[in-house]
Amino acid sequence: MRLRLSAALLLVAAVIASPRPAEAQNRYVHANNSPYDTLDPHAVNDVGRAASRINLYDGLYRWVDNPPKMIPWLAESHTASPDGLTYTVKLRAGVKFHDGTEMTAADVVYSMERMLGMKKGPASFFLGTIEPGTTQAPDKLTVVFRLKEPSAIFAAVLPEIQVVNSALVKKNEKDGDWGETWLSKNDAGSGSFALRRYDPAVGFIATRFKDHFLGWEPGRKWFDEIEFRSILDTNTRVLGLIKGDWQGVDGYLPYDQIERLRKEPSIQVLEQESMRVFLFCINASKPPFDNVHFRRALSYAFDYDGFINDILKGSVARNPTSNPNNLWGTPKDVKGYVYDLDKAKEELQKYGGPLRPITINALAGFAESEQASVLLANSLRKIGIDARVETSPWSLVSQRFLKAETMLDMVPLWKSTFYADPNNWVGELFSTRYLGGRNLNWYSNPALDKLTEAALKTTDQAERARLYEAAVRLVVDEAANIFVYNTKWFGPYSNKIDGIRFSPVGNGQEMRWAYYK
């Protein structure tokens with residue numbers, strides 16, 4: 001074990017200490033606070049690990065810009081049948097995978113079957129909507145998706161179908177694993193960059209794919225190589241950017257670090273309003289969290305103003321509901337909970353059941369998650385709840401989420417944008433259909449399901465907005481989570497970088513557009 005650890009440390013040191021003629025080679029290095037424990041685009045689908053998925057792979061469509069809009073990508077167009085049960089997608093001709101193989105409709109069909117079979121990551125967008133074996137390829141450039149029932153969000157999740165080279169993955173399948181073991185550390189994509197080197201303890205390096213279907217405008221200093229490194233320590237990421245060891249850092253640093261970087265003449269800080277709600281995810285399957293009065297006590301025990309104004313220096317906006325303030329389907333008159341320990345004690349009395357020590361599972365390397373955890377734990381002790389904070393890396397927390405029994409009591413995290421629809425938030429967070437997938441709370445309520453299921457089956461925008469507003473009011477009344485704020489994205493980059501194209505979907509990690517000035 002000691003020998004393996006020493007080797008890993010030497011590898012990290014070698015990567016970090018390697019010569020850095022980054023600009024001369026048009027090389028871009030990004031320091032991120034999330035691990036890259038797998039490169040399989042169908043195994044994970046969180047924003048922290050989005051860089052490998054959106055740089056190495058292509059989807060049928062792509063979300064770009066802010067507010068996010070969906071543009072054709074591998075698909076040229078799609079049509080839907082009048083009953084909403086059949087979607088026909090026309091593919092772009094001449095797309096090549098990184099090994100030179102031509103992409104066809106068969107690769108899209110296999111990618112869908114693989115997601116449904118693995119039941120991980122992006123599969124949650126399609127499970128219950130598409131049955132295995134129903135997706136067809138009538139010809140080389142046509143894919144037909146047949147839905148079990150109408151889905152108002154199906155078109156919006158087409159970008160989540162990341163297409164893999166089916167022949168290459170099948171060649172590396174073992175014991176019916178869909179090639180997951182192999183693809184966790186290899187590349188079978190057609191994206192703007194092709195994998196060159198990967199180490200789960202460090203990150204990945206990829207080179208520009210010159211045969212990418214979009215082409216590359218001549219005359220610009222496109223990145224010939226990109227590297228995404230996992231560096232949990234905030235100060236290390238910031239100092240490395242200042243020193244020029246890397247040219248970009250994740251856009252959700254603590255605000256004091258953003259202010260520090262604004263003063264550096266070699267750094268630019270890009271700013272955008274995002275759709276990224278910070279909340280405490282509550283494991284509603286475990287007593288006493290399955291009791292609404294206990295959950296309301298928790299919501300009254302968090303110091304929202306102190307956290308937002310004092311700790312975060314007013315750099316975010318109070319967001320009292322599950323949905324971003326700047327999204328349709330969000331009721332504007334809901335005030336949410338306030339910090340009031342007397343009301344918290346009243347709700348505890350209404351609960352009246354036994355209390356036990358609880359654990360708040362903060363995310364390692366995410367300062368706000370850790371700060372919010374400590375702040376809440378201190379308040380809970382004041383009302384008689386024994387609370388402790390455990391800090392864990394996202395890779396461990398995400399594994400714990402897979403089962404109600406292994407998830408800890410509470411996790412402060414962000415619900416990011418995967419598609420710009422209210423279902424991305426109130427639907428996925430709390431609907432029973434997403435239990436074990438995107439419903440990380442293990443919360444189930446027939447009254448909520450009635451609203452969110454109806455909203456998925458109608459394309460009437462006004463009716464969908466009404467249904468989602470009612471659903472949002474319900475989860476706030478139920479204190480299904482502690483809802484804290486909607487964030488801003490502050491993207492720090494070297495001032496020699498241009499072309500960063502921010503979207504709330506992906507958070508500026510797609511390097512296809514970026515270049516050296």
# chains A, B, ... in the order shown; residues from 1 in each chain; ligands from 1
>>> residues_around(residues="Phe193 in chain A", least_positions_apart="3", cutoff="10 Å", atoms="only C-alpha atoms", output="PyMOL selection string")
chain A and resi 52+54-57+98+189-190+196+205-212+223-226+511-512
>>> closest_atom_pairs(of="range 148-248 of chain A", to="range 106-112 of chain A", cutoff="8 Å", atoms="only C-alpha atoms", output="JSON lines")
{"residue": "A:Ile161", "atom": "CA", "partner": "A:Met112", "partner_atom": "CA", "distance": 7.0}
{"residue": "A:Gln162", "atom": "CA", "partner": "A:Ser111", "partner_atom": "CA", "distance": 7.1}
{"residue": "A:Val163", "atom": "CA", "partner": "A:Ser111", "partner_atom": "CA", "distance": 5.6}
{"residue": "A:Val164", "atom": "CA", "partner": "A:Ser111", "partner_atom": "CA", "distance": 6.0}
{"residue": "A:Asn165", "atom": "CA", "partner": "A:Asp107", "partner_atom": "CA", "distance": 6.0}
{"residue": "A:Ser166", "atom": "CA", "partner": "A:Asp107", "partner_atom": "CA", "distance": 5.2}
>>> closest_residue(among="A:Ala188, A:Ala43, A:Ala372, A:Val269", to="Lys120 in chain A", atoms="only C-alpha atoms")
A:Ala43
>>> residues_around(residues="range 286-288 of chain A", least_positions_apart="4", cutoff="9 Å", atoms="only C-alpha atoms", output="number ranges by chain")
A: 292, 294-295, 351, 353-356, 404-405, 409
>>> select_by_dssp(residues="range 276-458 of chain A", states="helix (DSSP H, G or I)", output="number ranges by chain")
A: 292-300, 304-311, 341-351, 367-382, 394-401, 422-424, 426-430, 432-434, 446-457
>>> select_by_dssp(residues="range 244-469 of chain A", states="strand (DSSP E)", output="ChimeraX atom specification")
/A:248-249,267-282,317-318,358-363,387-392,410-415
>>> closest_atom_pairs(of="range 238-310 of chain A", to="range 377-380 of chain A", cutoff="9 Å", atoms="only C-alpha atoms", output="Markdown table")
| residue | atom | partner | partner_atom | distance |
| --- | --- | --- | --- | --- |
| A:Ala297 | CA | A:Leu380 | CA | 8.9 |
| A:Leu298 | CA | A:Leu380 | CA | 7.5 |
| A:Ala301 | CA | A:Ser379 | CA | 5.9 |
| A:Phe302 | CA | A:Ser379 | CA | 6.8 |
| A:Asp303 | CA | A:Ser379 | CA | 8.0 |
>>> residues_around(residues="Ser494 in chain A", least_positions_apart="6", cutoff="9 Å", atoms="only C-alpha atoms", output="VMD selection string")
chain A and resid 241 to 242 244 246 to 248 266 to 269
>>> closest_residue(among="A:Val472, A:Ala123, A:Ile71, A:Ile482", to="Lys332 in chain A", atoms="only C-alpha atoms")
A:Val472
>>> residues_around(residues="Leu341 in chain A", least_positions_apart="2", cutoff="7 Å", atoms="only C-alpha atoms", output="PyMOL selection string")
chain A and resi 300-301+339+343-345
>>> closest_atom_pairs(of="range 36-81 of chain A", to="range 139-158 of chain A", cutoff="12 Å", atoms="only C-alpha atoms", output="CSV")
residue,atom,partner,partner_atom,distance
A:Asp58,CA,A:Leu158,CA,11.1
A:Gly59,CA,A:Leu158,CA,7.3
A:Leu60,CA,A:Leu158,CA,5.9
A:Tyr61,CA,A:Leu158,CA,6.1
A:Arg62,CA,A:Leu158,CA,8.4
A:Trp63,CA,A:Ala156,CA,9.2
A:Pro68,CA,A:Ala156,CA,10.9
A:Lys69,CA,A:Ala156,CA,9.7
A:Met70,CA,A:Ala156,CA,7.7
A:Ile71,CA,A:Leu158,CA,10.5
A:Pro72,CA,A:Leu158,CA,9.9
A:Trp73,CA,A:Leu158,CA,10.1
A:Leu74,CA,A:Leu141,CA,10.2
A:Ala75,CA,A:Leu141,CA,9.1
A:Glu76,CA,A:Leu141,CA,9.9
A:Ser77,CA,A:Thr142,CA,10.2
A:His78,CA,A:Ala155,CA,8.6
A:Thr79,CA,A:Ala155,CA,9.5
A:Ala80,CA,A:Ala155,CA,9.0
A:Ser81,CA,A:Arg146,CA,10.0
>>> write_last_selection(atoms="C-alpha atoms", output="compact mmCIF listing (two decimals), in the first residue's frame")
# COMPACT_ATOMS: atom_id res chain seq x y z
CA ASP A 58 -20.90 14.68 -28.39
CA GLY A 59 -24.64 14.59 -27.76
CA LEU A 60 -27.51 14.84 -30.21
CA TYR A 61 -27.99 18.48 -29.21
CA ARG A 62 -25.99 20.93 -27.11
CA TRP A 63 -26.98 23.53 -24.51
CA PRO A 68 -29.44 28.28 -22.05
CA LYS A 69 -30.61 27.43 -25.55
CA MET A 70 -30.48 24.06 -27.27
CA ILE A 71 -28.75 23.86 -30.66
CA PRO A 72 -28.36 20.91 -33.09
CA TRP A 73 -25.15 18.93 -32.59
CA LEU A 74 -24.89 15.34 -33.82
CA ALA A 75 -28.52 15.72 -34.85
CA GLU A 76 -29.54 18.02 -37.67
CA SER A 77 -33.22 18.05 -36.62
CA HIS A 78 -36.00 16.08 -34.99
CA THR A 79 -39.76 15.74 -35.28
CA ALA A 80 -42.40 14.48 -32.85
CA SER A 81 -45.57 12.59 -33.70
>>> closest_residue(among="A:Ile311, A:Ala447, A:Ala455, A:Ala201", to="Glu478 in chain A", atoms="only C-alpha atoms")
A:Ala447
>>> atom_distance(atom1="CA of Asp233 in chain A", atom2="CA of Trp513 in chain A")
27.8 Å
